[in-house]
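K.L.:
Here you go, one structure.
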Amino acid sequence: MNADTDSFHKAVLPPIAATIASLREQVQKARQAGRTIGFVPTMGALHDGHASLIEAAKSARTFCVVSIYVNPTQFAPNEDLAAYPRTMDADRAKCGRAGAELIFAPADSEMYPLGEQTRVKPGILADRMCGLFRPGHFEGVCTVVAKLLNIVQPDIAFFGQKDAQQALIIQKMVDDLRIPVLIQVCPIVREADGLAMSSRNAYLSPEERRQALCLNHALTLGRDRLLAGEKDMQSITSSMRDEICRVVHFHGGTVSIDYVEINDAVTLVPRDAPFGRMLLAGAVRIGKTRLIDNMIVDV
Ligand code: PAF
């Protein structure tokens with residue numbers, strides 16, 4: 001690397017605040033300079049889906065803060081907390097390229113100091129879909145997001161539609177707790193073959209990567225059948241399940257389906273007939289990797 005490219009790379013690396021005090025100081029400076037604050041909460045292992053959230057914050061002309069924190073309270077004891085990819089150097093470079101201006105990367109002791117005991121418990125939106133298979137997950141998500149919103153105090157926070165249930169739960173939490181922030185949900189970013197981008201895709205072996213397309217195939221099938229005017233929801237969801245198994249078996253694997261559902265896109269209540277805005281959503285386990293994906297369909 002020559003001196004020019006070296007200084008370019010240095011110039012785009014956003015500073016890292018590791019403490020709440022330092023984060024607040026830098027956010028306050030940005031506010032004093034007349035900037036509005038955008039916030040992209042992440043657990044790191046950033047991909048182009050995260051970059052699209054940062055770019056949305058940039059398009060909204062905000063001073064974009066990205067948090068990188070693998071939140072222990074949203075993982076059950078049997079889940080992948082220890083194995084979750086931690087790639088801070090690459091994440092920092094990606095943040096810089098996408099236009100983030102500050103990274104908040106706290107230690108556990110900053111987010112969950114000794115003796116802390118308060119949790120934010122979501123309502124019935126969290127009792128469906130992923131909530132049934134990951135007990136306590138959304139309580140952990142709400143708790144850390146509430147803390148992060150209190151710490152950063154952004155004007156706008158950006159979340160991905162890939163975690164559709166999470167986005168709805170956070171919107172509800174923000175409304176219910178009267179947290180003064182606008183939540184902007186950004187579209188799913190997909191690989192060229194349709195796989196929804198996810199930090200957990202990094203776990204997939206080459207064979208599993210091919211099998212992982214099963215969710216996108218099944219959701220597309222469900223969407224097409226709904227748009228073609230089919231009304232039998234059970235038949236549609238069972239054909240989606242069949243499609244998941246077909247794709248995975250075709251690529252020589254086995255799959256366990258957590259759920260495949262067609263729900264109201266706002267309340268998440270299952271639809272027994274097609275109308276209005278629906279969320280087609282699924283979660284599957286391929287090998288050790290749990291993948292989720294969804295599509296919105298308006299009828
Ligand atoms: O979507 C995620 O990456 C996490 O659930 C979040 C919102 C950063 C909270 O830890």
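By order in the structure tokens, chains are A, B, ...; within a chain, residues start at 1; ligands start at 1, following the order shown.
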Return as JSON lines the residues of chain A lying at most 6 Å from ligand 1, together with the closest atom-to-atom pair for each and the distance in Å to one decimal, counting only C-alpha atoms and all ligand atoms, with rows in chain order and ascending residue number.

P.N.:
```
{"residue": "A:Pro41", "atom": "CA", "partner": "ligand 1", "partner_atom_place_in_ligand_line": "8 (C)", "distance": 4.4}
{"residue": "A:Thr42", "atom": "CA", "partner": "ligand 1", "partner_atom_place_in_ligand_line": "8 (C)", "distance": 3.7}
{"residue": "A:Met43", "atom": "CA", "partner": "ligand 1", "partner_atom_place_in_ligand_line": "3 (O)", "distance": 4.7}
{"residue": "A:Asn71", "atom": "CA", "partner": "ligand 1", "partner_atom_place_in_ligand_line": "10 (O)", "distance": 5.1}
{"residue": "A:Val141", "atom": "CA", "partner": "ligand 1", "partner_atom_place_in_ligand_line": "9 (C)", "distance": 5.0}
{"residue": "A:Val145", "atom": "CA", "partner": "ligand 1", "partner_atom_place_in_ligand_line": "9 (C)", "distance": 5.7}
```

K.L.:
Can you list, as number ranges by chain, every residue of stretch 3-194 of chain A that DSSP puts in strand (DSSP E)?

P.N.:
A: 16-17, 37-42, 63-68, 102-104, 156-160, 182-186

K.L.:
Which value, in Å to one decimal, gives the distance between atom CA of A:Arg285 and atom CA of A:Ser67?

P.N.:
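Result for atom CA of A:Arg285 versus atom CA of A:Ser67: 27.5 Å, one decimal.
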
K.L.:
Just the number, please: distance in Å from atom CA of A:Asp242 to atom CA of A:Asp272, one decimal.

P.N.:
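Calculated distance between atom CA of A:Asp242 and atom CA of A:Asp272 is 19.4 Å.
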
K.L.:
Against stretch 75-97 of chain A, which residues of stretch 196-224 of chain A fall within 12 Å? For each one I want the closest pair of atoms and the distance in Å (one decimal), counting only C-alpha atoms, rows by chain and increasing residue number, as CSV.

P.N.:
```
residue,atom,partner,partner_atom,distance
A:Ser198,CA,A:Pro85,CA,11.3
A:Ser199,CA,A:Pro85,CA,7.5
A:Arg200,CA,A:Tyr84,CA,7.9
A:Asn201,CA,A:Pro85,CA,10.4
A:Ala202,CA,A:Pro85,CA,8.0
A:Tyr203,CA,A:Pro85,CA,8.8
```

K.L.:
So that I can see what lies close to stretch 14-21 of chain A, please list as a PyMOL selection string the residues with an atom at most 6 Å from it, counting only C-alpha atoms and leaving out residues fewer than 5 positions away in the same chain.

P.N.:
chain A and resi 96+101-106

K.L.:
Keeping only N, CA, C and O atoms, write those residues as a PDB file, in the first residue's frame.

P.N.:
```pdb
ATOM      1  N   GLY A  96     -16.794   2.699   7.694  1.00  0.00           N
ATOM      2  CA  GLY A  96     -16.204   3.892   7.094  1.00  0.00           C
ATOM      3  C   GLY A  96     -16.614   4.028   5.643  1.00  0.00           C
ATOM      4  O   GLY A  96     -17.021   5.104   5.197  1.00  0.00           O
ATOM      5  N   GLU A 101     -19.972   7.673  10.982  1.00  0.00           N
ATOM      6  CA  GLU A 101     -19.027   8.663  11.515  1.00  0.00           C
ATOM      7  C   GLU A 101     -18.533   8.317  12.914  1.00  0.00           C
ATOM      8  O   GLU A 101     -17.592   8.908  13.415  1.00  0.00           O
ATOM      9  N   LEU A 102     -19.184   7.365  13.557  1.00  0.00           N
ATOM     10  CA  LEU A 102     -18.751   6.971  14.900  1.00  0.00           C
ATOM     11  C   LEU A 102     -19.215   5.545  15.163  1.00  0.00           C
ATOM     12  O   LEU A 102     -20.336   5.171  14.787  1.00  0.00           O
ATOM     13  N   ILE A 103     -18.338   4.767  15.813  1.00  0.00           N
ATOM     14  CA  ILE A 103     -18.700   3.402  16.212  1.00  0.00           C
ATOM     15  C   ILE A 103     -18.776   3.357  17.733  1.00  0.00           C
ATOM     16  O   ILE A 103     -17.890   3.889  18.415  1.00  0.00           O
ATOM     17  N   PHE A 104     -19.835   2.745  18.233  1.00  0.00           N
ATOM     18  CA  PHE A 104     -19.939   2.517  19.679  1.00  0.00           C
ATOM     19  C   PHE A 104     -19.727   1.027  19.909  1.00  0.00           C
ATOM     20  O   PHE A 104     -20.522   0.211  19.439  1.00  0.00           O
ATOM     21  N   ALA A 105     -18.636   0.679  20.566  1.00  0.00           N
ATOM     22  CA  ALA A 105     -18.308  -0.736  20.785  1.00  0.00           C
ATOM     23  C   ALA A 105     -18.049  -0.958  22.273  1.00  0.00           C
ATOM     24  O   ALA A 105     -16.897  -0.990  22.720  1.00  0.00           O
ATOM     25  N   PRO A 106     -19.108  -1.053  23.052  1.00  0.00           N
ATOM     26  CA  PRO A 106     -18.937  -1.143  24.509  1.00  0.00           C
ATOM     27  C   PRO A 106     -18.558  -2.547  24.959  1.00  0.00           C
ATOM     28  O   PRO A 106     -18.836  -3.532  24.269  1.00  0.00           O
TER      29      PRO A 106
END
```

K.L.:
I'd like to know which of A:Val248, A:Ile257, A:Leu227, A:Met197 is closest to A:Arg277, using only C-alpha atoms.

P.N.:
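Closest candidate: A:Leu227.
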
K.L.:
Determine which residues of stretch 124-173 of chain A receive a DSSP assignment of helix (DSSP H, G or I), computed from the backbone, and state them as number ranges by chain.

P.N.:
A: 124-127, 130-133, 137-152, 161-173

K.L.:
Go through A:Gln74, A:Gln171, A:Asn150, A:Asn294 and flag the residue nearest A:Phe138, using only C-alpha atoms for the distances.

P.N.:
A:Gln74

K.L.:
Can you work out the spacing between atom CA of A:Thr267 and atom CA of A:Gly131 in Å, to one decimal?

P.N.:
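Computed distance, atom CA of A:Thr267 to atom CA of A:Gly131, equals 13.9 Å.
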
K.L.:
Select, from A:Arg61, A:Arg223, A:Arg128, A:His217, the residue with the minimum atom-to-atom distance to A:Asp258, counting only C-alpha atoms.

P.N.:
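Smallest separation from A:Asp258 among the options: A:Arg128.
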
K.L.:
For A:Gly252, work out the shell of residues within 10 Å, counting only C-alpha atoms and skipping chain neighbours fewer than 4 positions away, then give it as a CSV table (one decimal) with C-alpha atoms, in the first residue's frame.

P.N.:
```
chain,number,residue,atom,x,y,z
A,207,GLU,CA,-23.2,-27.4,0.3
A,208,GLU,CA,-25.3,-25.7,3.1
A,210,ARG,CA,-26.8,-24.0,-1.7
A,211,GLN,CA,-29.4,-25.6,0.6
A,246,ARG,CA,-37.2,-30.3,-1.9
A,247,VAL,CA,-34.5,-27.7,-2.3
A,248,VAL,CA,-32.5,-29.0,0.7
```

K.L.:
From the options A:Phe250, A:Ser238, A:Met233, A:His47, which residue's atoms come nearest to A:Pro274, counting only C-alpha atoms?

P.N.:
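With only C-alpha atoms as the atom set, the closest residue is A:Met233.
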
K.L.:
Residues within 9 Å of A:Gly287, please, as a ChimeraX atom specification. Count only C-alpha atoms; anything in the same chain fewer than 6 positions from it doesn't count.

P.N.:
/A:204,208,253-256

K.L.:
Give me the residues near A:Cys130 as a PyMOL selection string, where near means some atom within 10 Å (using only C-alpha atoms) and where sequence neighbours in that chain fewer than 3 positions away do not count.

P.N.:
chain A and resi 126-127+133-135+137-138+163+165-166+258-259+281-283+292
